[in-house]
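Chemist: Shown below is the structure under consideration.
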Amino acid sequence: MNDETKQLVSEKIEETVKAAEDTVRHPYTKTLARFGFYTKGFLFIVIGMLAVLVAIGQKGGELADPTGALTAIAGKPYGRILLIIFIVGAVGHGVWNILRGVSDVDNAGNNFQGIFKRVLAVGIGFFYLGLSLTALNLIVTEHVENRNGEIPKTFAAILLALPLGAILMFLIGLGIIIGGIHEFYSGVTGKYKENFRLFTLAERHLRTINVLGVLSFTARALIMVLMGYFFITAAINYNANDAAGMDGALAALAHSYYGKTVLFITAIGLICHGILSLYEAKYRRIW
């Protein structure tokens, strides 16, 4: 790549970042972003409640990933109306996360760690856009089918079909485990609160957020470590069916020693993460 091409690429990147900054500052974008956090909160509360029902042995429970939770919602009265609302929020959360990564809303910086965080934000954005398409498909599909575990297994199958795909999947699994450890660290140290407008919080709300943070990030960390383990196992065994998402991680907890108790605590943590997202909708720094 010659100097002229490098200059052109650099200018295009700067233009893209500037456009993202202008867009993310727009009042409509901020409103849509906050609505997206409400949607994310609702989704995790549903996932957690379904798991709680399994843990206490009640009917209607299910060990679900986000896609499975949407399937469960679709099968309920007024489910398709809720899915329409979810689509709007998921699109908002997806677009905002992409803009967050490109424009560096969280001031992550341009070093290796900062770039990793920004790329991760963009990845989260595309994930929620994918969930919005899943919800749309559930609305237009006459028969609602169980869709738990489809995404990780499909993703694993695609990876294994690539040259050196098993090595890449192993590295992804390792990255998920490292991400889980970081989630735990963020929860117990309160690092996640860096992007909250803490000065606007009353003391009682701050205490609530502290408790929610420890429980929610610990639960997410545990699930991510298990998901990473499943991806590494799939890579070693060269079997896409060994890969598992959130539902697989919850199932592993349910079948562990003191499984129902561990599953119940983890499910409560997921509900706490949903409630924390509701706080984010109001108090997080959007820009």
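Simple scheme: letters A, B, ... for chains in structure tokens order, numbers from 1 for residues in each chain, numbers from 1 for ligands in the order shown.
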If we count only C-alpha atoms and set the cut-off at 12 Å, which residues sit around A:Phe155, ignoring sequence neighbours fewer than 6 positions away in its own chain? Please answer as a VMD selection string.
Modeler: chain A and resid 149 161 to 162 165 to 166 168 to 169 172 231 234 239 to 245
Chemist: Go ahead and write the residues just picked, N, CA and C atoms, as a CSV table (one decimal), in the first residue's frame.
Modeler:
chain,number,residue,atom,x,y,z
A,149,GLY,N,-30.2,-22.6,20.7
A,149,GLY,CA,-28.9,-23.2,20.4
A,149,GLY,C,-28.6,-23.1,18.9
A,161,ALA,N,-15.8,-25.3,8.8
A,161,ALA,CA,-15.7,-25.5,7.3
A,161,ALA,C,-14.6,-24.7,6.7
A,162,LEU,N,-14.0,-23.7,7.4
A,162,LEU,CA,-13.0,-22.9,6.9
A,162,LEU,C,-11.6,-23.5,7.1
A,165,GLY,N,-10.1,-23.4,10.6
A,165,GLY,CA,-11.3,-23.0,11.3
A,165,GLY,C,-11.3,-23.5,12.8
A,166,ALA,N,-10.8,-24.7,13.0
A,166,ALA,CA,-10.8,-25.3,14.4
A,166,ALA,C,-9.9,-24.4,15.2
A,168,LEU,N,-9.2,-21.2,14.8
A,168,LEU,CA,-9.9,-20.0,15.0
A,168,LEU,C,-11.0,-20.1,16.1
A,169,MET,N,-11.7,-21.3,16.0
A,169,MET,CA,-12.8,-21.5,17.0
A,169,MET,C,-12.2,-21.6,18.4
A,172,ILE,N,-11.4,-18.2,19.6
A,172,ILE,CA,-12.7,-17.6,20.0
A,172,ILE,C,-13.1,-18.0,21.3
A,231,PHE,N,-17.0,-24.0,23.2
A,231,PHE,CA,-16.4,-23.7,21.9
A,231,PHE,C,-15.0,-24.4,21.7
A,234,ALA,N,-15.6,-28.0,21.1
A,234,ALA,CA,-16.0,-28.2,19.7
A,234,ALA,C,-14.8,-28.1,18.8
A,239,ASN,N,-16.3,-30.9,16.2
A,239,ASN,CA,-17.7,-31.2,16.2
A,239,ASN,C,-18.6,-30.0,16.5
A,240,ALA,N,-19.3,-29.4,15.5
A,240,ALA,CA,-20.0,-28.2,15.8
A,240,ALA,C,-21.1,-28.4,16.8
A,241,ASN,N,-21.6,-29.6,17.0
A,241,ASN,CA,-22.7,-29.9,18.0
A,241,ASN,C,-22.2,-29.7,19.4
A,242,ASP,N,-20.9,-29.7,19.6
A,242,ASP,CA,-20.4,-29.5,21.0
A,242,ASP,C,-20.4,-28.0,21.4
A,243,ALA,N,-20.6,-27.1,20.4
A,243,ALA,CA,-20.7,-25.7,20.7
A,243,ALA,C,-22.0,-25.4,21.3
A,244,ALA,N,-22.0,-24.5,22.3
A,244,ALA,CA,-23.3,-24.1,22.9
A,244,ALA,C,-23.3,-22.7,23.3
A,245,GLY,N,-24.5,-22.1,23.4
A,245,GLY,CA,-24.6,-20.7,23.8
A,245,GLY,C,-25.1,-20.7,25.2
Chemist: Using only C-alpha atoms, I'd like a table of the residues in stretch 155-270 of chain A that come within 9 Å of stretch 32-45 of chain A; for each, show the closest atom pair and its distance in Å rounded to one decimal, ordered by chain and ascending number, as a tab-separated table.
Modeler:
residue	atom	partner	partner_atom	distance
A:Ala267	CA	A:Ile45	CA	8.9
A:Ile268	CA	A:Ile45	CA	8.8
A:Leu270	CA	A:Phe44	CA	5.9
Chemist: Write to file, as a PDB file, in the first residue's frame, the residues of the selection just made, with C-alpha atoms.
Modeler:
ATOM      1  CA  ALA A 267     -31.002 -17.040  36.812  1.00  0.00           C
ATOM      2  CA  ILE A 268     -31.425 -14.361  39.476  1.00  0.00           C
ATOM      3  CA  LEU A 270     -29.583 -12.702  34.668  1.00  0.00           C
TER       4      LEU A 270
END
Chemist: What is the distance between atom CA of A:Ile181 and atom CA of A:Leu206, in Å to one decimal?
Modeler: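 Computing the Euclidean distance for atom CA of A:Ile181 and atom CA of A:Leu206 yields 23.8 Å.
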Chemist: Pick out the closest residue to A:Ala90 from this set: A:Thr134, A:Ala20, A:Ala108, A:Phe196. Count only C-alpha atoms.
Modeler: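 The closest residue to A:Ala90 is A:Thr134.
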Chemist: Which polymer residues have any atom within 8 Å of an atom of A:Leu129, counting only C-alpha atoms, with same-chain residues fewer than 2 positions away left out, as a short mmCIF file (atom, residue, chain, number, x, y, z; two decimals) with C-alpha atoms, in the first residue's frame?
Modeler:
data_model
loop_
_atom_site.label_atom_id
_atom_site.label_comp_id
_atom_site.auth_asym_id
_atom_site.auth_seq_id
_atom_site.Cartn_x
_atom_site.Cartn_y
_atom_site.Cartn_z
CA ALA A 90 -33.20 -4.28 19.20
CA VAL A 91 -32.56 -2.21 16.07
CA GLY A 94 -27.82 -2.62 17.57
CA VAL A 95 -27.32 0.62 15.65
CA GLY A 125 -24.54 -4.23 17.59
CA PHE A 126 -24.70 -6.74 14.76
CA PHE A 127 -25.84 -9.42 17.22
CA LEU A 131 -31.99 -10.76 16.92
CA SER A 132 -34.33 -8.19 15.39
CA LEU A 133 -34.38 -10.26 12.18
#
Chemist: Using only C-alpha atoms, can you tell me which of A:Ala219, A:Glu203, A:Leu212, A:Asp22 comes closest to A:Gly180?
Modeler: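 Ranked by minimum distance to A:Gly180, first place goes to A:Ala219.
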Chemist: Choose the residue, out of A:Arg204, A:Phe230, A:Thr154, A:Ala221, that has the smallest atom-to-atom separation from A:Glu183; count only C-alpha atoms.
Modeler: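 Closest candidate: A:Ala221.
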Chemist: Counting only C-alpha atoms, which residue out of A:Ile236, A:Ile47, A:Val54, A:Leu171 sits closest to A:Gly274?
Modeler: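 Under the stated criterion, the closest residue is A:Ile47.
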Chemist: How would you write, as a PyMOL selection string, the set of residues in stretch 89-287 of chain A that DSSP gives as alpha helix (DSSP H)?
Modeler: chain A and resi 89-103+112-140+150-160+165-189+203-237+246-254+259-283
Chemist: Store the residues picked out above, limited to C-alpha atoms, as a compact mmCIF listing (two decimals), in the first residue's frame.
Modeler:
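The result, stored in selection-v5.txt:
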# COMPACT_ATOMS: atom_id res chain seq x y z
CA GLY A 89 -35.60 -1.65 20.55
CA ALA A 90 -33.20 -4.28 19.20
CA VAL A 91 -32.56 -2.21 16.07
CA GLY A 92 -31.96 0.82 18.26
CA HIS A 93 -29.58 -1.07 20.55
CA GLY A 94 -27.82 -2.62 17.57
CA VAL A 95 -27.32 0.62 15.65
CA TRP A 96 -26.21 2.49 18.76
CA ASN A 97 -23.62 -0.15 19.66
CA ILE A 98 -22.19 0.01 16.14
CA LEU A 99 -22.04 3.80 16.39
CA ARG A 100 -20.59 3.46 19.91
CA GLY A 101 -17.72 1.39 18.60
CA VAL A 102 -17.01 3.53 15.54
CA SER A 103 -17.23 6.90 17.31
CA PHE A 112 -4.98 -2.60 21.33
CA GLN A 113 -7.34 -2.88 24.31
CA GLY A 114 -9.38 0.09 23.13
CA ILE A 115 -9.71 -1.24 19.59
CA PHE A 116 -10.77 -4.63 21.01
CA LYS A 117 -13.51 -3.00 23.10
CA ARG A 118 -14.72 -0.96 20.14
CA VAL A 119 -14.79 -3.99 17.84
CA LEU A 120 -16.68 -5.89 20.55
CA ALA A 121 -19.26 -3.08 20.71
CA VAL A 122 -19.74 -3.31 16.95
CA GLY A 123 -20.12 -7.08 17.26
CA ILE A 124 -22.80 -6.63 19.93
CA GLY A 125 -24.54 -4.23 17.59
CA PHE A 126 -24.70 -6.74 14.76
CA PHE A 127 -25.84 -9.42 17.22
CA TYR A 128 -28.88 -7.34 18.22
CA LEU A 129 -29.62 -6.52 14.60
CA GLY A 130 -29.59 -10.28 14.01
CA LEU A 131 -31.99 -10.76 16.92
CA SER A 132 -34.33 -8.19 15.39
CA LEU A 133 -34.38 -10.26 12.18
CA THR A 134 -35.07 -13.39 14.23
CA ALA A 135 -38.00 -11.64 15.91
CA LEU A 136 -39.30 -10.50 12.51
CA ASN A 137 -39.08 -14.07 11.21
CA LEU A 138 -41.04 -15.30 14.24
CA ILE A 139 -43.76 -12.76 13.51
CA VAL A 140 -44.25 -13.81 9.90
CA GLU A 150 -29.17 -22.53 16.62
CA ILE A 151 -26.80 -19.57 16.43
CA PRO A 152 -23.71 -21.02 18.19
CA LYS A 153 -23.97 -24.37 16.40
CA THR A 154 -24.45 -22.72 12.99
CA PHE A 155 -21.56 -20.36 13.70
CA ALA A 156 -19.37 -23.28 14.78
CA ALA A 157 -20.26 -25.27 11.65
CA ILE A 158 -19.29 -22.35 9.43
CA LEU A 159 -15.99 -21.92 11.27
CA LEU A 160 -15.11 -25.60 11.06
CA GLY A 165 -11.32 -23.02 11.33
CA ALA A 166 -10.78 -25.26 14.35
CA ILE A 167 -7.83 -23.12 15.47
CA LEU A 168 -9.91 -19.97 15.01
CA MET A 169 -12.76 -21.48 17.02
CA PHE A 170 -10.34 -22.46 19.78
CA LEU A 171 -9.09 -18.87 19.93
CA ILE A 172 -12.66 -17.55 19.98
CA GLY A 173 -13.49 -19.89 22.86
CA LEU A 174 -10.41 -18.72 24.72
CA GLY A 175 -11.41 -15.11 24.04
CA ILE A 176 -14.90 -15.74 25.44
CA ILE A 177 -13.36 -17.18 28.63
CA ILE A 178 -11.07 -14.16 28.96
CA GLY A 179 -14.10 -11.94 28.37
CA GLY A 180 -15.95 -13.76 31.14
CA ILE A 181 -13.07 -13.19 33.55
CA HIS A 182 -13.13 -9.50 32.61
CA GLU A 183 -16.90 -9.41 33.22
CA PHE A 184 -16.36 -10.78 36.73
CA TYR A 185 -13.62 -8.24 37.39
CA SER A 186 -15.82 -5.44 36.09
CA GLY A 187 -18.69 -6.51 38.34
CA VAL A 188 -16.80 -6.93 41.61
CA THR A 189 -14.71 -3.78 41.17
CA GLU A 203 -27.77 7.10 47.13
CA ARG A 204 -30.38 4.33 47.29
CA HIS A 205 -30.20 3.82 43.53
CA LEU A 206 -26.41 3.71 43.67
CA ARG A 207 -26.54 0.99 46.32
CA THR A 208 -29.03 -0.94 44.20
CA ILE A 209 -26.79 -0.68 41.14
CA ASN A 210 -23.82 -1.93 43.18
CA VAL A 211 -25.72 -5.08 44.18
CA LEU A 212 -27.14 -5.60 40.69
CA GLY A 213 -23.68 -5.23 39.19
CA VAL A 214 -22.04 -7.89 41.36
CA LEU A 215 -24.84 -10.42 40.82
CA SER A 216 -25.37 -9.77 37.12
CA PHE A 217 -21.76 -9.66 35.99
CA THR A 218 -20.87 -12.71 38.07
CA ALA A 219 -23.70 -14.67 36.41
CA ARG A 220 -22.67 -13.48 32.96
CA ALA A 221 -19.04 -14.33 33.69
CA LEU A 222 -19.96 -17.88 34.68
CA ILE A 223 -22.06 -18.35 31.53
CA MET A 224 -19.34 -16.92 29.28
CA VAL A 225 -16.66 -19.19 30.78
CA LEU A 226 -18.88 -22.21 30.10
CA MET A 227 -19.65 -21.01 26.56
CA GLY A 228 -15.94 -20.58 25.91
CA TYR A 229 -15.31 -24.09 27.22
CA PHE A 230 -17.95 -25.49 24.84
CA PHE A 231 -16.37 -23.70 21.86
CA ILE A 232 -12.93 -25.01 22.78
CA THR A 233 -14.37 -28.51 23.14
CA ALA A 234 -16.01 -28.21 19.71
CA ALA A 235 -12.70 -27.12 18.22
CA ILE A 236 -10.77 -29.99 19.79
CA ASN A 237 -13.39 -32.59 18.83
CA MET A 246 -26.38 -19.40 26.89
CA ASP A 247 -28.96 -22.19 26.94
CA GLY A 248 -26.23 -24.83 26.89
CA ALA A 249 -24.37 -23.10 29.69
CA LEU A 250 -27.53 -22.95 31.80
CA ALA A 251 -28.19 -26.64 31.09
CA ALA A 252 -24.66 -27.49 32.24
CA LEU A 253 -25.29 -25.61 35.48
CA ALA A 254 -28.61 -27.41 35.96
CA GLY A 259 -27.49 -27.87 40.02
CA LYS A 260 -30.91 -26.43 40.85
CA THR A 261 -29.44 -24.06 43.44
CA VAL A 262 -26.64 -22.92 41.14
CA LEU A 263 -29.10 -22.50 38.27
CA PHE A 264 -31.46 -20.48 40.48
CA ILE A 265 -28.69 -18.11 41.61
CA THR A 266 -27.45 -17.69 38.03
CA ALA A 267 -31.00 -17.04 36.81
CA ILE A 268 -31.43 -14.36 39.48
CA GLY A 269 -28.17 -12.86 38.21
CA LEU A 270 -29.58 -12.70 34.67
CA ILE A 271 -32.71 -10.99 35.99
CA CYS A 272 -30.44 -8.55 37.82
CA HIS A 273 -28.63 -7.87 34.55
CA GLY A 274 -31.97 -7.08 32.96
CA ILE A 275 -32.83 -4.66 35.77
CA LEU A 276 -29.37 -3.11 35.50
CA SER A 277 -30.07 -2.51 31.79
CA LEU A 278 -33.21 -0.60 32.81
CA TYR A 279 -30.98 1.61 34.95
CA GLU A 280 -28.62 1.99 32.00
CA ALA A 281 -31.52 3.19 29.88
CA LYS A 282 -31.92 6.15 32.19
CA TYR A 283 -28.49 6.79 33.66
Chemist: Given only C-alpha atoms as the basis, pick out the residue of A:Leu164, A:Ile85, A:Ala202, A:Leu53 nearest to A:Ile73.
Modeler: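 Nearest to A:Ile73: A:Ile85.
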Chemist: Please compute the atom CA of A:Lys30-atom CA of A:Val105 distance, one decimal, in Å.
Modeler: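 Between atom CA of A:Lys30 and atom CA of A:Val105 the gap is 11.9 Å.
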Chemist: Report the distance between atom CA of A:Thr71 and atom CA of A:Asn148 in Å, rounded to one decimal place.
Modeler: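 Value for the atom CA of A:Thr71-atom CA of A:Asn148 distance: 8.3 Å.
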